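Next up, input-v1.tsv (TSV, C-alpha atoms and all ligand atoms):
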```
chain	number	residue	atom	x	y	z
A	146	MET	CA	30.32	48.56	35.89
A	147	SER	CA	31.01	51.57	38.10
A	148	LEU	CA	30.78	51.27	41.85
A	149	PRO	CA	30.79	54.21	44.21
A	150	PRO	CA	34.51	54.53	45.02
A	151	PHE	CA	33.97	55.37	48.69
A	152	ARG	CA	32.20	52.23	49.89
A	153	THR	CA	33.54	48.79	50.53
A	154	PRO	CA	31.67	46.52	48.10
A	155	ILE	CA	29.02	44.26	49.61
A	156	LYS	CA	30.17	40.63	49.48
A	157	HIS	CA	27.29	38.62	50.89
A	158	CYS	CA	23.52	38.89	50.92
A	159	ARG	CA	22.29	40.13	54.30
A	160	ASN	CA	19.09	38.15	53.79
A	161	CYS	CA	20.46	34.67	52.96
A	162	GLY	CA	24.27	34.89	53.07
A	163	GLU	CA	24.87	33.97	49.41
A	164	ALA	CA	27.64	35.82	47.52
A	165	VAL	CA	26.11	38.81	45.71
A	166	ALA	CA	26.85	40.06	42.20
A	167	TYR	CA	27.04	43.71	41.18
A	168	ARG	CA	24.76	44.29	38.19
A	169	VAL	CA	21.80	46.39	37.04
A	170	PRO	CA	18.65	44.77	38.48
A	171	ASP	CA	16.00	43.51	36.03
A	172	ASP	CA	13.23	45.80	37.33
A	173	GLY	CA	13.86	48.83	35.12
A	174	ASP	CA	16.59	50.19	37.38
A	175	THR	CA	19.51	51.95	35.70
A	176	ARG	CA	22.18	51.68	38.38
A	177	VAL	CA	24.54	48.87	39.26
A	178	ARG	CA	23.62	47.34	42.61
A	179	ALA	CA	24.54	44.33	44.72
A	180	VAL	CA	21.98	41.68	43.73
A	181	CYS	CA	21.62	38.27	45.36
A	182	PRO	CA	21.46	35.46	42.77
A	183	ALA	CA	19.79	33.12	45.28
A	184	CYS	CA	16.95	35.18	46.82
A	185	ASP	CA	16.90	38.18	44.41
A	186	THR	CA	17.33	40.71	47.24
A	187	ILE	CA	18.62	44.02	45.88
A	188	HIS	CA	20.95	45.79	48.31
A	189	TYR	CA	20.40	49.52	47.85
A	190	GLU	CA	23.21	51.80	49.03
A	191	ASN	CA	22.36	55.41	49.70
A	192	PRO	CA	24.04	58.50	51.15
A	193	LEU	CA	24.57	58.72	54.91
A	194	ASN	CA	23.57	61.66	57.09
A	195	VAL	CA	26.08	63.48	59.27
A	196	VAL	CA	24.44	65.75	61.86
A	197	GLY	CA	25.97	68.32	64.17
A	198	THR	CA	25.76	71.75	65.75
A	199	VAL	CA	27.34	75.18	65.83
A	200	PRO	CA	27.46	75.74	69.62
A	201	HIS	CA	27.77	79.47	70.30
A	202	TRP	CA	28.56	81.50	73.42
A	203	GLY	CA	28.54	85.28	73.00
A	204	ASP	CA	30.75	86.01	70.00
A	205	GLN	CA	32.49	82.63	70.26
A	206	VAL	CA	31.84	79.16	68.84
A	207	LEU	CA	32.82	75.82	70.30
A	208	LEU	CA	35.25	73.65	68.35
A	209	CYS	CA	36.53	70.18	69.21
A	210	LYS	CA	40.04	68.92	68.49
A	211	ARG	CA	39.66	65.43	67.02
A	212	ASN	CA	41.10	62.47	68.89
A	213	ILE	CA	40.10	60.07	66.08
A	214	GLU	CA	41.00	59.46	62.46
A	215	PRO	CA	40.44	60.77	59.91
A	216	ARG	CA	41.94	64.22	60.51
A	217	TRP	CA	43.30	63.45	63.98
A	218	GLY	CA	44.34	66.68	65.75
A	219	LYS	CA	42.30	68.93	63.44
A	220	TRP	CA	39.42	71.11	64.70
A	221	THR	CA	35.78	70.38	64.00
A	222	LEU	CA	32.26	71.19	65.07
A	223	PRO	CA	30.60	68.43	67.10
A	224	ALA	CA	28.99	66.10	64.54
A	225	GLY	CA	28.65	62.47	63.59
A	226	PHE	CA	26.62	59.87	61.75
A	227	MET	CA	22.91	59.87	62.48
A	228	GLU	CA	21.70	56.69	64.20
A	229	LEU	CA	18.60	54.68	63.33
A	230	GLY	CA	15.64	55.59	65.52
A	231	GLU	CA	16.53	59.23	66.12
A	232	SER	CA	15.57	62.43	64.34
A	233	ALA	CA	18.24	64.52	62.65
A	234	ALA	CA	18.10	67.19	65.36
A	235	GLU	CA	18.21	64.54	68.10
A	236	GLY	CA	21.33	63.10	66.50
A	237	ALA	CA	22.96	66.52	66.34
A	238	ALA	CA	22.20	67.10	70.02
A	239	ARG	CA	23.52	63.63	70.97
A	240	GLU	CA	26.79	64.22	69.12
A	241	THR	CA	27.20	67.60	70.82
A	242	ASP	CA	26.74	65.97	74.20
A	243	GLU	CA	29.06	63.04	73.41
A	244	GLU	CA	31.91	65.00	71.83
A	245	ALA	CA	31.91	68.20	73.88
A	246	GLY	CA	29.92	67.45	77.04
A	247	ALA	CA	28.29	70.83	76.55
A	248	LYS	CA	25.08	72.20	78.09
A	249	PHE	CA	23.01	73.83	75.34
A	250	GLU	CA	19.63	74.58	73.79
A	251	MET	CA	19.03	73.49	70.19
A	252	GLY	CA	18.23	76.30	67.75
A	253	GLU	CA	17.37	76.53	64.06
A	254	LEU	CA	18.87	74.59	61.17
A	255	LEU	CA	21.81	76.52	59.67
A	256	SER	CA	23.33	74.43	56.87
A	257	VAL	CA	22.64	71.45	54.60
A	258	LEU	CA	25.72	70.34	52.70
A	259	SER	CA	25.78	67.59	50.07
A	260	VAL	CA	29.10	65.79	49.58
A	261	PRO	CA	28.49	63.48	46.60
A	262	ARG	CA	32.16	62.48	46.41
A	263	VAL	CA	31.73	60.50	49.65
A	264	GLY	CA	27.96	59.91	49.48
A	265	GLN	CA	27.02	62.05	52.49
A	266	VAL	CA	24.66	64.87	53.47
A	267	HIS	CA	25.72	67.01	56.44
A	268	MET	CA	23.32	69.13	58.50
A	269	TYR	CA	24.22	71.64	61.21
A	270	TRP	CA	21.90	73.30	63.74
A	271	LEU	CA	22.56	76.37	65.83
A	272	ALA	CA	22.96	75.49	69.51
A	273	LYS	CA	22.99	78.12	72.25
A	274	LEU	CA	25.48	77.18	74.96
A	275	LEU	CA	24.21	77.50	78.53
A	276	SER	CA	27.66	77.21	80.07
A	277	ASP	CA	31.28	77.66	79.00
A	278	ARG	CA	32.36	74.52	80.84
A	279	PHE	CA	32.81	71.38	78.73
A	280	GLU	CA	33.47	67.73	79.42
A	281	PRO	CA	34.76	66.34	76.14
A	282	GLY	CA	34.37	62.63	75.44
A	283	THR	CA	37.05	60.22	74.29
A	284	GLU	CA	36.76	61.30	70.64
A	285	THR	CA	37.88	64.83	71.56
A	286	ILE	CA	41.35	65.96	72.71
A	287	GLU	CA	40.17	69.44	73.67
A	288	ALA	CA	36.95	71.47	73.41
A	289	ARG	CA	37.28	75.25	73.49
A	290	LEU	CA	35.67	78.48	72.40
A	291	PHE	CA	36.96	80.64	69.55
A	292	THR	CA	36.08	84.10	68.29
A	293	GLU	CA	35.98	84.45	64.50
A	294	ASP	CA	39.49	85.93	64.49
A	295	GLU	CA	40.87	83.09	66.59
A	296	ILE	CA	39.51	80.22	64.50
A	297	PRO	CA	42.35	78.08	63.08
A	298	TRP	CA	40.95	78.19	59.52
A	299	ASP	CA	43.90	76.18	58.14
A	300	GLU	CA	43.38	73.47	60.77
A	301	ILE	CA	39.67	72.79	60.22
A	302	ALA	CA	39.07	69.06	59.68
A	303	PHE	CA	36.40	69.17	56.98
A	304	LYS	CA	35.22	71.48	54.18
A	305	THR	CA	31.63	71.11	55.45
A	306	VAL	CA	32.69	72.48	58.86
A	307	TYR	CA	34.67	75.31	57.22
A	308	GLU	CA	31.69	76.34	55.08
A	309	THR	CA	29.26	76.10	58.00
A	310	LEU	CA	31.46	78.31	60.17
A	311	LYS	CA	31.72	80.88	57.34
A	312	CYS	CA	27.90	80.88	57.06
A	313	TYR	CA	27.54	81.27	60.82
A	314	PHE	CA	29.78	84.33	61.12
A	315	ALA	CA	28.36	85.96	57.94
A	316	ASP	CA	24.80	85.55	59.27
A	317	ARG	CA	25.86	86.76	62.69
A	318	ARG	CA	27.30	89.94	61.17
A	319	ALA	CA	24.12	90.39	59.08
A	320	GLY	CA	22.00	90.05	62.22
A	321	ARG	CA	19.81	87.23	60.88
A	322	PHE	CA	20.26	83.50	60.37
A	323	ALA	CA	19.06	81.54	57.34
A	324	VAL	CA	19.34	77.96	56.08
A	325	HIS	CA	22.29	77.56	53.70
A	326	VAL	CA	22.14	74.77	51.11
A	327	ILE	CA	25.60	74.02	49.74
A	328	ASP	CA	27.06	71.41	47.38
A	329	ILE	CA	30.64	70.48	48.14
A	330	THR	CA	32.09	69.41	44.79
A	401	ZN	ZN	20.06	36.37	49.25
```
What does the file become when written as structure tokens?
Ligand code: ZN
Amino acid sequence: MSLPPFRTPIKHCRNCGEAVAYRVPDDGDTRVRAVCPACDTIHYENPLNVVGTVPHWGDQVLLCKRNIEPRWGKWTLPAGFMELGESAAEGAARETDEEAGAKFEMGELLSVLSVPRVGQVHMYWLAKLLSDRFEPGTETIEARLFTEDEIPWDEIAFKTVYETLKCYFADRRAGRFAVHVIDIT
């Protein structure tokens, strides 16, 4: 039996509260899942979506210094887990507002990054800043603008953010933006 290593195993059925067992369901499935022996509910676990933006101002981008674990003190783009009831772009805009307190207009999708090791898909949209004043929330120590040369590449919190920033500046130099689909292995 192999469980995804990055999730805490489910202990109890969310339908009836009985202790679940991890096994391959009897319906032709091929994967091990948490199955309730009392009410037969199968608890499917699927990747989570992380949504964010690349806020840009002239030749600069906005980065946030993380005030939360993991990677406390490292720099990131504003991003977070998508919530139920919102679209992906709405989630990206919400995170940008919450983490940076920025005024911006949403632009086109820039990157879609799969991270199978942690069961996540990350998506970043371009966001045109309307002001260079920010009011970072409690999850951010500092929000500030960086030119490409100023970016602390060794202090970027996540590979997905690093790759997205590289895509942004490459597209910017090329004078056209595209959607980049990347697997982080
Ligand atoms: Zn149950």
Enumerate, in order of chain and increasing residue number, the residues of chain A with an atom no farther than 7 Å from ligand ZN 401 (chain A), each with its shortest atom pair and distance in Å to one decimal, counting only C-alpha atoms and all ligand atoms, as a Markdown table.
```
| residue | atom | partner | partner_atom | distance |
| --- | --- | --- | --- | --- |
| A:Cys158 | CA | A:ZN401 | ZN | 4.6 |
| A:Arg159 | CA | A:ZN401 | ZN | 6.7 |
| A:Asn160 | CA | A:ZN401 | ZN | 5.0 |
| A:Cys161 | CA | A:ZN401 | ZN | 4.1 |
| A:Gly162 | CA | A:ZN401 | ZN | 5.9 |
| A:Glu163 | CA | A:ZN401 | ZN | 5.4 |
| A:Cys181 | CA | A:ZN401 | ZN | 4.6 |
| A:Pro182 | CA | A:ZN401 | ZN | 6.7 |
| A:Ala183 | CA | A:ZN401 | ZN | 5.1 |
| A:Cys184 | CA | A:ZN401 | ZN | 4.1 |
| A:Asp185 | CA | A:ZN401 | ZN | 6.1 |
| A:Thr186 | CA | A:ZN401 | ZN | 5.5 |
```
Taking 6 positions as the minimum chain separation for residues in the same chain, which residues sit within 7 Å of Lys219 of chain A when counting all atoms listed in the file? Answer as a ChimeraX atom specification.
/A:210-211,300-302
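Using all atoms listed in the file for every distance, the candidate list A:Val165, A:Asn194, A:Asp204, A:Pro215 yields A:Asn194 as the residue closest to Glu228 of chain A.
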Within 10 Å of segment 195-202 of chain A, which residues of segment 282-311 of chain A show up? Give each one with its shortest atom-to-atom distance in Å (one decimal) and the two atoms involved, counting only C-alpha atoms, rows by chain then rising residue number, as a Markdown table.
```
| residue | atom | partner | partner_atom | distance |
| --- | --- | --- | --- | --- |
| A:Leu290 | CA | A:Trp202 | CA | 7.8 |
| A:Phe291 | CA | A:Trp202 | CA | 9.3 |
| A:Thr292 | CA | A:Trp202 | CA | 9.5 |
| A:Val306 | CA | A:Val199 | CA | 9.2 |
| A:Thr309 | CA | A:Val199 | CA | 8.1 |
| A:Leu310 | CA | A:Val199 | CA | 7.7 |
```
Output file for the residues above (C-alpha atoms, as a short mmCIF file (atom, residue, chain, number, x, y, z; two decimals), in the coordinates of the input):
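Dumped everything to part13.cif:
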```
data_model
loop_
_atom_site.label_atom_id
_atom_site.label_comp_id
_atom_site.auth_asym_id
_atom_site.auth_seq_id
_atom_site.Cartn_x
_atom_site.Cartn_y
_atom_site.Cartn_z
CA LEU A 290 35.67 78.48 72.40
CA PHE A 291 36.96 80.64 69.55
CA THR A 292 36.08 84.10 68.29
CA VAL A 306 32.69 72.48 58.86
CA THR A 309 29.26 76.10 58.00
CA LEU A 310 31.46 78.31 60.17
#
```
Hey, which of A:Thr175, A:Thr153, A:Thr283, A:Ser256 ends up closest to Asp316 of chain A? Count all atoms listed in the file.
A:Ser256
Within 8 Å of Val324 of chain A, counting only C-alpha atoms, which residues show up once you throw out same-chain ones fewer than 5 positions away? Write them as a list in words, please.
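Near neighbours after the sequence-gap exclusion: Leu254, Leu255, Ser256 and Val257 of chain A.
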If you keep C-alpha atoms, can you produce a file of those selected residues as a PDB file, in the coordinates of the input?
```pdb
ATOM      1  CA  LEU A 254      18.870  74.590  61.170  1.00  0.00           C
ATOM      2  CA  LEU A 255      21.810  76.520  59.670  1.00  0.00           C
ATOM      3  CA  SER A 256      23.330  74.430  56.870  1.00  0.00           C
ATOM      4  CA  VAL A 257      22.640  71.450  54.600  1.00  0.00           C
TER       5      VAL A 257
END
```
So how far away is atom CA of Gly236 of chain A from atom CA of Arg178 of chain A, in Å?
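Between atom CA of Arg178 of chain A and atom CA of Gly236 of chain A the gap is 28.7 Å.
Distance-wise, atom CA of Lys273 of chain A and atom CA of Glu250 of chain A end up 5.1 Å apart.
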Near-Glu280 of chain A list (12 Å; all atoms listed in the file; drop same-chain fewer than 6 positions) as a tab-separated table (two decimals) with C-alpha atoms, keeping the file's coordinate frame:
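As written to disk, part-v9.tsv reads:
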```tsv
chain	number	residue	atom	x	y	z
A	209	CYS	CA	36.53	70.18	69.21
A	241	THR	CA	27.20	67.60	70.82
A	242	ASP	CA	26.74	65.97	74.20
A	243	GLU	CA	29.06	63.04	73.41
A	244	GLU	CA	31.91	65.00	71.83
A	245	ALA	CA	31.91	68.20	73.88
A	246	GLY	CA	29.92	67.45	77.04
A	247	ALA	CA	28.29	70.83	76.55
A	248	LYS	CA	25.08	72.20	78.09
A	286	ILE	CA	41.35	65.96	72.71
A	287	GLU	CA	40.17	69.44	73.67
A	288	ALA	CA	36.95	71.47	73.41
A	289	ARG	CA	37.28	75.25	73.49
```
Segment 259-269 of chain A environment, 12 Å, only C-alpha atoms, sequence neighbours closer than 4 positions dropped, as a ChimeraX atom specification
/A:148-153,190-200,221-227,232-238,240-241,251-255,303-310,312-313,323-330
Shortest interatomic distance to Arg317 of chain A - which of A:Ile213, A:Leu258, A:Ile296, A:Gly203, counting all atoms listed in the file:
A:Gly203
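Using only C-alpha atoms, the smallest distance between any of A:Pro297, A:Gly282, A:Pro154, A:Gly320 and Arg239 of chain A comes from A:Gly282.
We find atom CA of Phe279 of chain A and atom CA of Trp220 of chain A to be spaced 15.5 Å apart.
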Export N, CA and C atoms of segment 224-255 of chain A from the structure just given, as a PDB file, in the first residue's frame?
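Produced file result_19.pdb, reproduced below:
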```
ATOM      1  N   ALA A 224       0.617  34.603  -3.556  1.00  0.00           N
ATOM      2  CA  ALA A 224      -0.072  33.382  -3.997  1.00  0.00           C
ATOM      3  C   ALA A 224      -0.566  32.616  -2.785  1.00  0.00           C
ATOM      4  N   GLY A 225      -1.544  31.753  -3.008  1.00  0.00           N
ATOM      5  CA  GLY A 225      -2.033  30.918  -1.924  1.00  0.00           C
ATOM      6  C   GLY A 225      -3.032  29.902  -2.439  1.00  0.00           C
ATOM      7  N   PHE A 226      -3.551  29.093  -1.535  1.00  0.00           N
ATOM      8  CA  PHE A 226      -4.487  28.050  -1.934  1.00  0.00           C
ATOM      9  C   PHE A 226      -5.813  28.663  -2.374  1.00  0.00           C
ATOM     10  N   MET A 227      -6.302  28.173  -3.501  1.00  0.00           N
ATOM     11  CA  MET A 227      -7.607  28.567  -4.007  1.00  0.00           C
ATOM     12  C   MET A 227      -8.687  28.133  -3.016  1.00  0.00           C
ATOM     13  N   GLU A 228      -9.689  28.973  -2.835  1.00  0.00           N
ATOM     14  CA  GLU A 228     -10.801  28.658  -1.934  1.00  0.00           C
ATOM     15  C   GLU A 228     -11.992  28.133  -2.743  1.00  0.00           C
ATOM     16  N   LEU A 229     -12.831  27.333  -2.078  1.00  0.00           N
ATOM     17  CA  LEU A 229     -14.066  26.881  -2.715  1.00  0.00           C
ATOM     18  C   LEU A 229     -14.938  28.092  -3.025  1.00  0.00           C
ATOM     19  N   GLY A 230     -15.616  28.069  -4.159  1.00  0.00           N
ATOM     20  CA  GLY A 230     -16.550  29.136  -4.486  1.00  0.00           C
ATOM     21  C   GLY A 230     -15.941  30.301  -5.236  1.00  0.00           C
ATOM     22  N   GLU A 231     -14.654  30.237  -5.549  1.00  0.00           N
ATOM     23  CA  GLU A 231     -14.046  31.318  -6.333  1.00  0.00           C
ATOM     24  C   GLU A 231     -13.393  30.710  -7.573  1.00  0.00           C
ATOM     25  N   SER A 232     -13.240  31.541  -8.605  1.00  0.00           N
ATOM     26  CA  SER A 232     -12.517  31.095  -9.795  1.00  0.00           C
ATOM     27  C   SER A 232     -11.021  31.198  -9.506  1.00  0.00           C
ATOM     28  N   ALA A 233     -10.235  30.572 -10.371  1.00  0.00           N
ATOM     29  CA  ALA A 233      -8.784  30.599 -10.169  1.00  0.00           C
ATOM     30  C   ALA A 233      -8.257  32.035 -10.204  1.00  0.00           C
ATOM     31  N   ALA A 234      -8.718  32.821 -11.167  1.00  0.00           N
ATOM     32  CA  ALA A 234      -8.244  34.202 -11.275  1.00  0.00           C
ATOM     33  C   ALA A 234      -8.730  35.047 -10.089  1.00  0.00           C
ATOM     34  N   GLU A 235      -9.940  34.776  -9.618  1.00  0.00           N
ATOM     35  CA  GLU A 235     -10.432  35.491  -8.429  1.00  0.00           C
ATOM     36  C   GLU A 235      -9.563  35.180  -7.213  1.00  0.00           C
ATOM     37  N   GLY A 236      -9.163  33.919  -7.092  1.00  0.00           N
ATOM     38  CA  GLY A 236      -8.294  33.537  -5.980  1.00  0.00           C
ATOM     39  C   GLY A 236      -6.944  34.234  -6.066  1.00  0.00           C
ATOM     40  N   ALA A 237      -6.396  34.303  -7.274  1.00  0.00           N
ATOM     41  CA  ALA A 237      -5.102  34.965  -7.462  1.00  0.00           C
ATOM     42  C   ALA A 237      -5.195  36.445  -7.082  1.00  0.00           C
ATOM     43  N   ALA A 238      -6.285  37.077  -7.473  1.00  0.00           N
ATOM     44  CA  ALA A 238      -6.490  38.493  -7.140  1.00  0.00           C
ATOM     45  C   ALA A 238      -6.659  38.663  -5.623  1.00  0.00           C
ATOM     46  N   ARG A 239      -7.416  37.780  -4.991  1.00  0.00           N
ATOM     47  CA  ARG A 239      -7.632  37.857  -3.548  1.00  0.00           C
ATOM     48  C   ARG A 239      -6.310  37.732  -2.797  1.00  0.00           C
ATOM     49  N   GLU A 240      -5.479  36.765  -3.207  1.00  0.00           N
ATOM     50  CA  GLU A 240      -4.199  36.580  -2.531  1.00  0.00           C
ATOM     51  C   GLU A 240      -3.307  37.812  -2.697  1.00  0.00           C
ATOM     52  N   THR A 241      -3.363  38.431  -3.866  1.00  0.00           N
ATOM     53  CA  THR A 241      -2.540  39.615  -4.128  1.00  0.00           C
ATOM     54  C   THR A 241      -2.969  40.770  -3.229  1.00  0.00           C
ATOM     55  N   ASP A 242      -4.273  40.882  -3.049  1.00  0.00           N
ATOM     56  CA  ASP A 242      -4.809  41.908  -2.156  1.00  0.00           C
ATOM     57  C   ASP A 242      -4.425  41.613  -0.710  1.00  0.00           C
ATOM     58  N   GLU A 243      -4.605  40.355  -0.283  1.00  0.00           N
ATOM     59  CA  GLU A 243      -4.345  39.989   1.115  1.00  0.00           C
ATOM     60  C   GLU A 243      -2.869  40.117   1.489  1.00  0.00           C
ATOM     61  N   GLU A 244      -1.989  39.641   0.607  1.00  0.00           N
ATOM     62  CA  GLU A 244      -0.576  39.544   0.980  1.00  0.00           C
ATOM     63  C   GLU A 244       0.198  40.827   0.717  1.00  0.00           C
ATOM     64  N   ALA A 245      -0.217  41.603  -0.280  1.00  0.00           N
ATOM     65  CA  ALA A 245       0.552  42.798  -0.640  1.00  0.00           C
ATOM     66  C   ALA A 245      -0.240  44.089  -0.458  1.00  0.00           C
ATOM     67  N   GLY A 246      -1.555  44.012  -0.385  1.00  0.00           N
ATOM     68  CA  GLY A 246      -2.361  45.222  -0.311  1.00  0.00           C
ATOM     69  C   GLY A 246      -2.142  46.110  -1.522  1.00  0.00           C
ATOM     70  N   ALA A 247      -1.977  45.473  -2.673  1.00  0.00           N
ATOM     71  CA  ALA A 247      -1.647  46.216  -3.896  1.00  0.00           C
ATOM     72  C   ALA A 247      -2.911  46.593  -4.658  1.00  0.00           C
ATOM     73  N   LYS A 248      -2.828  47.704  -5.422  1.00  0.00           N
ATOM     74  CA  LYS A 248      -3.877  48.080  -6.363  1.00  0.00           C
ATOM     75  C   LYS A 248      -3.406  47.631  -7.745  1.00  0.00           C
ATOM     76  N   PHE A 249      -4.245  46.881  -8.461  1.00  0.00           N
ATOM     77  CA  PHE A 249      -3.776  46.268  -9.705  1.00  0.00           C
ATOM     78  C   PHE A 249      -4.949  45.913 -10.603  1.00  0.00           C
ATOM     79  N   GLU A 250      -4.612  45.644 -11.872  1.00  0.00           N
ATOM     80  CA  GLU A 250      -5.556  45.082 -12.844  1.00  0.00           C
ATOM     81  C   GLU A 250      -5.055  43.713 -13.246  1.00  0.00           C
ATOM     82  N   MET A 251      -5.935  42.693 -13.204  1.00  0.00           N
ATOM     83  CA  MET A 251      -5.534  41.350 -13.611  1.00  0.00           C
ATOM     84  C   MET A 251      -5.271  41.315 -15.117  1.00  0.00           C
ATOM     85  N   GLY A 252      -4.219  40.564 -15.499  1.00  0.00           N
ATOM     86  CA  GLY A 252      -3.894  40.378 -16.907  1.00  0.00           C
ATOM     87  C   GLY A 252      -4.050  38.926 -17.316  1.00  0.00           C
ATOM     88  N   GLU A 253      -3.227  38.491 -18.250  1.00  0.00           N
ATOM     89  CA  GLU A 253      -3.331  37.135 -18.804  1.00  0.00           C
ATOM     90  C   GLU A 253      -2.631  36.113 -17.911  1.00  0.00           C
ATOM     91  N   LEU A 254      -3.027  34.850 -18.097  1.00  0.00           N
ATOM     92  CA  LEU A 254      -2.351  33.738 -17.431  1.00  0.00           C
ATOM     93  C   LEU A 254      -0.920  33.642 -17.954  1.00  0.00           C
ATOM     94  N   LEU A 255       0.053  33.448 -17.057  1.00  0.00           N
ATOM     95  CA  LEU A 255       1.457  33.357 -17.469  1.00  0.00           C
ATOM     96  C   LEU A 255       2.028  31.950 -17.296  1.00  0.00           C
TER      97      LEU A 255
END
```
